[in-house]
file my_file.cif (mmCIF, C-alpha atoms)
data_protein
loop_
_atom_site.label_atom_id
_atom_site.label_comp_id
_atom_site.auth_asym_id
_atom_site.auth_seq_id
_atom_site.Cartn_x
_atom_site.Cartn_y
_atom_site.Cartn_z
CA MET A 69 0.00 0.00 0.00
CA SER A 70 2.51 2.57 -1.22
CA SER A 71 0.05 5.49 -1.28
CA ILE A 72 -0.21 5.47 2.53
CA GLU A 73 1.71 8.26 4.23
CA ILE A 74 2.40 8.27 7.97
CA LYS A 75 2.47 11.69 9.65
CA VAL A 76 2.60 13.08 13.18
CA LEU A 77 -0.81 14.59 13.93
CA SER A 78 -1.42 17.95 15.55
CA HIS A 79 -4.49 19.57 17.01
CA ASP A 80 -6.81 20.98 14.37
CA ALA A 81 -10.56 20.68 13.97
CA GLU A 82 -10.52 18.60 10.77
CA THR A 83 -8.00 16.07 12.12
CA GLU A 84 -9.97 15.79 15.37
CA LYS A 85 -13.16 15.11 13.37
CA MET A 86 -11.47 12.38 11.29
CA LEU A 87 -9.97 10.78 14.41
CA ALA A 88 -13.41 10.83 16.06
CA ASP A 89 -14.94 9.14 12.99
CA LEU A 90 -12.25 6.45 13.13
CA LEU A 91 -12.77 5.86 16.86
CA VAL A 92 -16.57 5.62 16.55
CA GLU A 93 -16.22 3.17 13.62
CA THR A 94 -13.64 1.06 15.49
CA VAL A 95 -15.79 0.78 18.62
CA ALA A 96 -18.94 -0.01 16.60
CA ALA A 97 -17.00 -2.84 14.91
CA GLY A 98 -16.05 -4.28 18.30
CA GLY A 99 -12.57 -2.81 18.67
CA SER A 100 -11.45 -2.89 22.30
CA VAL A 101 -9.93 0.59 22.61
CA SER A 102 -11.32 1.64 26.05
CA PHE A 103 -14.78 2.74 24.91
CA MET A 104 -18.25 1.18 24.88
CA HIS A 105 -20.72 1.02 21.99
CA PRO A 106 -22.53 3.16 21.09
CA LEU A 107 -19.85 5.82 21.40
CA ALA A 108 -21.19 9.37 21.23
CA ARG A 109 -19.40 11.55 18.70
CA GLU A 110 -18.92 14.23 21.38
CA ALA A 111 -17.10 11.74 23.63
CA ALA A 112 -14.85 10.66 20.75
CA GLU A 113 -14.04 14.27 19.89
CA ALA A 114 -13.34 15.08 23.54
CA PHE A 115 -10.98 12.10 23.81
CA TRP A 116 -9.00 13.12 20.75
CA GLY A 117 -8.95 16.76 21.81
CA GLN A 118 -7.38 15.75 25.12
CA SER A 119 -5.01 13.33 23.40
CA LEU A 120 -3.80 15.93 20.91
CA ASP A 121 -3.40 18.46 23.75
CA ALA A 122 -1.20 15.89 25.54
CA ALA A 123 0.79 15.48 22.32
CA ALA A 124 1.34 19.25 22.19
CA ARG A 125 2.80 19.00 25.72
CA GLY A 126 5.20 16.22 24.61
CA GLU A 127 3.47 13.52 26.66
CA ARG A 128 2.67 11.42 23.58
CA VAL A 129 2.85 11.34 19.82
CA VAL A 130 -0.23 10.59 17.73
CA LEU A 131 0.56 9.22 14.28
CA GLY A 132 -1.89 9.11 11.42
CA ALA A 133 -1.97 7.01 8.27
CA TRP A 134 -3.22 9.00 5.30
CA ASP A 135 -4.56 7.67 2.02
CA GLY A 136 -4.67 10.90 0.08
CA GLU A 137 -6.85 13.29 2.09
CA ALA A 138 -8.42 10.50 4.18
CA LEU A 139 -7.16 9.52 7.62
CA VAL A 140 -7.34 5.72 7.55
CA GLY A 141 -5.46 4.72 10.69
CA THR A 142 -3.79 5.92 13.84
CA VAL A 143 -1.53 4.81 16.66
CA THR A 144 -0.36 6.63 19.77
CA LEU A 145 3.06 6.45 21.38
CA LEU A 146 2.74 7.25 25.10
CA LEU A 147 5.87 8.93 26.49
CA ASP A 148 4.91 10.41 29.87
CA TYR A 149 6.57 8.12 32.43
CA PRO A 150 8.12 8.58 35.90
CA PRO A 151 11.79 9.58 36.21
CA ASN A 152 12.90 5.95 36.65
CA GLN A 153 11.37 4.92 33.30
CA PRO A 154 12.74 7.35 30.68
CA HIS A 155 13.79 4.41 28.52
CA ARG A 156 10.34 3.10 27.67
CA ALA A 157 7.21 4.02 25.74
CA GLU A 158 3.81 2.43 25.30
CA ILE A 159 1.84 1.73 22.15
CA ALA A 160 -1.87 2.61 22.41
CA LYS A 161 -4.99 3.10 20.30
CA LEU A 162 -3.91 1.31 17.12
CA MET A 163 -6.89 1.63 14.77
CA THR A 164 -7.46 1.14 11.04
CA ARG A 165 -10.55 2.04 9.03
CA LEU A 166 -12.56 -1.10 8.20
CA ALA A 167 -12.11 -0.54 4.46
CA HIS A 168 -8.33 -0.40 4.87
CA ARG A 169 -7.81 -3.44 7.10
CA GLY A 170 -5.58 -6.20 5.82
CA LYS A 171 -3.65 -3.79 3.59
CA GLY A 172 -0.62 -3.17 5.82
CA VAL A 173 -1.74 0.10 7.40
CA ALA A 174 -1.37 -1.14 10.99
CA THR A 175 2.07 -2.58 10.23
CA ARG A 176 3.22 0.73 8.74
CA LEU A 177 1.89 2.63 11.76
CA MET A 178 3.61 0.28 14.21
CA ARG A 179 6.94 0.49 12.38
CA ALA A 180 6.72 4.29 12.31
CA ALA A 181 5.93 4.38 16.03
CA GLU A 182 8.88 2.10 16.79
CA ASP A 183 11.24 4.18 14.63
CA LEU A 184 10.08 7.33 16.38
CA ALA A 185 10.58 5.74 19.81
CA VAL A 186 14.14 4.75 18.83
CA GLU A 187 14.82 8.33 17.64
CA MET A 188 13.65 9.53 21.05
CA GLY A 189 16.11 7.23 22.82
CA ARG A 190 13.55 4.70 24.01
CA THR A 191 14.77 1.11 24.29
CA LEU A 192 11.61 -0.72 25.41
CA LEU A 193 8.08 -0.73 24.04
CA VAL A 194 5.08 -2.20 25.86
CA LEU A 195 1.47 -2.64 24.80
CA ASP A 196 -1.66 -4.59 25.57
CA THR A 197 -4.38 -6.03 23.38
CA ALA A 198 -7.66 -7.79 23.98
CA THR A 199 -7.47 -11.57 24.29
CA GLU A 200 -10.55 -11.93 22.11
CA GLU A 201 -10.37 -10.33 18.66
CA GLY A 202 -7.23 -8.35 19.53
CA ALA A 203 -4.17 -7.81 17.37
CA SER A 204 -1.86 -10.35 19.03
CA GLY A 205 -0.93 -11.94 15.71
CA LEU A 206 0.23 -8.60 14.31
CA TYR A 207 2.27 -7.78 17.41
CA GLU A 208 3.94 -11.18 17.41
CA GLU A 209 4.80 -10.80 13.70
CA LEU A 210 6.43 -7.47 14.58
CA GLY A 211 8.65 -9.11 17.19
CA PHE A 212 6.76 -8.38 20.40
CA THR A 213 7.04 -10.96 23.19
CA LEU A 214 4.02 -12.04 25.21
CA ALA A 215 4.57 -11.35 28.91
CA GLY A 216 1.25 -12.81 30.03
CA GLU A 217 -2.50 -12.58 30.16
CA ILE A 218 -4.79 -10.89 32.66
CA PRO A 219 -8.27 -12.47 32.59
CA ASP A 220 -11.47 -10.39 32.68
CA PHE A 221 -9.48 -7.18 32.26
CA ALA A 222 -12.07 -5.03 30.48
CA LEU A 223 -15.52 -4.96 29.00
CA LYS A 224 -15.81 -5.56 25.27
CA PRO A 225 -17.48 -2.66 23.40
CA HIS A 226 -20.73 -4.62 22.98
CA GLY A 227 -20.63 -6.13 26.48
CA GLY A 228 -19.04 -9.13 28.17
CA LEU A 229 -15.56 -9.39 29.65
CA THR A 230 -12.32 -10.06 27.83
CA GLY A 231 -8.81 -10.60 29.04
CA THR A 232 -5.80 -8.62 27.95
CA LEU A 233 -2.46 -9.79 26.65
CA ILE A 234 0.62 -7.81 27.72
CA TYR A 235 3.52 -7.55 25.23
CA TRP A 236 7.02 -6.04 25.26
CA LYS A 237 9.81 -5.45 22.75
CA ARG A 238 13.39 -4.22 23.09
CA ILE A 239 14.19 -1.63 20.45
CA GLY A 240 17.09 0.53 19.35
CA GLY A 241 19.83 -2.08 19.64
CA ARG A 242 20.59 -1.28 23.32
CA ARG A 243 19.79 -3.26 26.45
#
call {"tool": "encode", "arguments": {"input": "my_file.cif", "output": "structure tokens"}}
result
Amino acid sequence: MSSIEIKVLSHDAETEKMLADLLVETVAAGGSVSFMHPLAREAAEAFWGQSLDAAARGERVVLGAWDGEALVGTVTLLLDYPPNQPHRAEIAKLMTRLAHRGKGVATRLMRAAEDLAVEMGRTLLVLDTATEEGASGLYEELGFTLAGEIPDFALKPHGGLTGTLIYWKRIGGRR
């Protein structure tokens, strides 16, 4: 999918609207990204407004995958950690538009997030994904190691409990 371009996102009304559309679509399709279905557009916009504000403060980086003028995916690199953890970052909110799934968008976003983390001097990435219908296969293909599973960790967007799988990956060639 060579037409996909990965960019760091900043706070503007149009980007926030597209991110909100993506979040609402992801939750409606059962994506376990911390929200319940039905997700009100206002709640999605508020989440992304706060997230992009945190990015402006340097607490995270929000990356977007663009197919022309359309935002078709996103991932967040969380950077705000205590003083004894300056070496790590966390991957969060990986989402791809339904029409773009299976085309390499998530892989491109994850590689860009990892490259950015390395540039920032991070040497360890962590993430979690739902046990049921999560992206564990993708993360394992990208070299993440399963640390373990926590049962009944969160509610699925349409109800019922799911566990979470915790993953880690050393990056940047340093240990």
call {"tool": "closest_residue", "arguments": {"input": "my_file.cif", "among": "A:Glu200, A:Glu84, A:Gln153, A:Ala181", "to": "Leu223 (chain A)", "atoms": "all atoms listed in the file"}}
result
A:Glu200
call {"tool": "residues_around", "arguments": {"input": "my_file.cif", "residues": "Met104 (chain A)", "least_positions_apart": "3", "cutoff": "7 Å", "atoms": "all atoms listed in the file", "output": "list in words"}}
result
Val95, Leu107, Pro225 and His226 of chain A
call {"tool": "closest_residue", "arguments": {"input": "my_file.cif", "among": "A:His155, A:Arg165, A:Arg190, A:Arg109", "to": "Leu90 (chain A)", "atoms": "only C-alpha atoms"}}
result
A:Arg165
call {"tool": "resolve_selection", "arguments": {"input": "my_file.cif", "expression": "the PyMOL selection byres ((chain A and resi 97) around 12)", "output": "PyMOL selection string"}}
result
chain A and resi 90-96+98-101+103-107+163-167+201+224-226
call {"tool": "resolve_selection", "arguments": {"input": "my_file.cif", "expression": "the PyMOL selection byres ((chain A and resi 171) around 12)", "output": "list in words"}}
result
Met69, Ser70, Ser71, Ile72, Ala133, Asp135, Val140, Gly141, Thr164, Arg165, Leu166, Ala167, His168, Arg169, Gly170, Gly172, Val173, Ala174, Thr175, Arg176 and Leu177 of chain A
call {"tool": "closest_atom_pairs", "arguments": {"input": "my_file.cif", "of": "region 143-170 of chain A", "to": "region 118-130 of chain A", "cutoff": "9 Å", "atoms": "all atoms listed in the file", "output": "tab-separated table"}}
result
residue	atom	partner	partner_atom	distance
A:Val143	CA	A:Val130	CA	6.0
A:Thr144	CA	A:Val130	CA	4.5
A:Leu145	CA	A:Val129	CA	5.1
A:Leu146	CA	A:Arg128	CA	4.4
A:Leu147	CA	A:Arg128	CA	5.0
A:Asp148	CA	A:Glu127	CA	4.7
A:Tyr149	CA	A:Glu127	CA	8.5
A:Ala157	CA	A:Arg128	CA	8.9
call {"tool": "atom_distance", "arguments": {"input": "my_file.cif", "atom1": "CA of Gly240 (chain A)", "atom2": "CA of Leu77 (chain A)"}}
result
23.4 Å
call {"tool": "atom_distance", "arguments": {"input": "my_file.cif", "atom1": "CA of Ala108 (chain A)", "atom2": "CA of Thr142 (chain A)"}}
result
19.2 Å
call {"tool": "closest_atom_pairs", "arguments": {"input": "my_file.cif", "of": "region 138-161 of chain A", "to": "region 227-234 of chain A", "cutoff": "12 Å", "atoms": "only C-alpha atoms", "output": "tab-separated table"}}
result
residue	atom	partner	partner_atom	distance
A:Glu158	CA	A:Ile234	CA	11.0
A:Ile159	CA	A:Ile234	CA	11.1
A:Ala160	CA	A:Ile234	CA	12.0
call {"tool": "resolve_selection", "arguments": {"input": "my_file.cif", "expression": "the PyMOL selection byres ((chain A and resi 211) around 10)", "output": "PyMOL selection string"}}
result
chain A and resi 206-210+212-214+235-239
call {"tool": "write_last_selection", "arguments": {"input": "my_file.cif", "atoms": "C-alpha atoms", "output": "CSV table (one decimal), in the coordinates of the input"}}
result
chain,number,residue,atom,x,y,z
A,206,LEU,CA,0.2,-8.6,14.3
A,207,TYR,CA,2.3,-7.8,17.4
A,208,GLU,CA,3.9,-11.2,17.4
A,209,GLU,CA,4.8,-10.8,13.7
A,210,LEU,CA,6.4,-7.5,14.6
A,212,PHE,CA,6.8,-8.4,20.4
A,213,THR,CA,7.0,-11.0,23.2
A,214,LEU,CA,4.0,-12.0,25.2
A,235,TYR,CA,3.5,-7.6,25.2
A,236,TRP,CA,7.0,-6.0,25.3
A,237,LYS,CA,9.8,-5.4,22.8
A,238,ARG,CA,13.4,-4.2,23.1
A,239,ILE,CA,14.2,-1.6,20.4
